[in-house]
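S.K.: My questions will all concern the structure given below.
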Amino acid sequence: FSLDVLATYQLRFVARAVSQQTNATLGQQSVDFYLKVENEDLEATIAGGSSRTIPVSGNAYDINFDASASIDPAYPLAASGLSFNWSLFQVVSSSLTPVSLSSSSGATLSLSTAQLSADSEYLMRVNVSTNRSQSITAVASQTIITTSLPAPRVTLGVNLDKRVQDPHKKLVLKGRAVRDDSTSGNDDPSLALSWSSDATDFNISDRANLRSAIDARDLVIAPNVLIPGKAYKFTVQSTVFAGGAAAVGSASISVRVNSPPGSGSCASSPDVGVALETDFI
């Protein structure tokens, strides 16, 4: 059975002493305790990484934003119970200027590059809400850096359980690159990828830390090399040369490594008593 969020349940534990010869109950004691099911935060996410550098030169094309991996942990299978509201801002001197969107609802959103200026910074934000008993929301955002150069369109993905990485398991980062003039939008294996990390305690170039080649499209980081409790930012880039200039497309994502459980606490009232006589709460 399942428990309802925000509900309180009364549970009873019964202990019986039974005769081995007659199987008769010699005595019994019971204790009641209460369990309250608290809310769990929504998990909002936008596929493709936390930031991307994309070209806006040449013919306009659609950039796709996908928040369908967002979930409500209390009802992980009830995707229809989530609502999505998108907003786009241009970032100028740390100020956010709203940019009009033709559509702002749904788990996915398509945006034409014709709406974006070259060599600028934008922030795409999605607000995810749930229809369950209490209004709960979560926000995810993705930074978009535009360039006038014909840079590859790069995306970065990762599969995580509850948005954190188990330090004892391998971490797989999936980098993909598409040429700026591509009409199919499919990954182009001829575009080489390079990986980097902002961590000072983790060398991504050290072959001992990896279970794949350093330039692999699916970069596999070995188990037990990331420090529990820390956050790591990974970036994948693809570079082409146009007119002697380097056109760099990139995507980044931050991954938090799960911490081990900490010590809890247990208390009862009264502090002392007599077995089978005192009721403890």
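In the structure tokens, each chain is lettered A, B, ... as it comes, each chain's residues begin at 1, and ligands are numbered from 1 in order of appearance.
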Which parts of range 8-220 of chain A does DSSP call strand (DSSP E) when run on the backbone here, written out as a ChimeraX atom specification?
M.R.: /A:8-18,25-36,51-55,62-66,82-92,95-99,108-112,121-130,137-147,153-158,164-165,171-178,194-197,218-220
S.K.: Please identify all polymer residues within 8 Å of range 135-144 of chain A, counting only C-alpha atoms, omitting same-chain residues fewer than 2 positions from it, and present them as a ChimeraX atom specification.
M.R.: /A:41-46,49-54,121-133,146
S.K.: Work out how far CA of Phe84 in chain A is from CA of Ala177 in chain A, in Å to one decimal.
M.R.: 27.2 Å
S.K.: Going by DSSP on the backbone, which bits of range 32-146 of chain A are helix (DSSP H, G or I)? Write them as a ChimeraX atom specification, please.
M.R.: /A:79-81,113-115
S.K.: Please provide as a PyMOL selection string all residues within 10 Å of Arg153 in chain A, with the sequence filter that same-chain residues fewer than 2 positions apart are discarded (counting only C-alpha atoms).
M.R.: chain A and resi 52-56+63+150-151+155+176-182+185+187+237-238+248-251
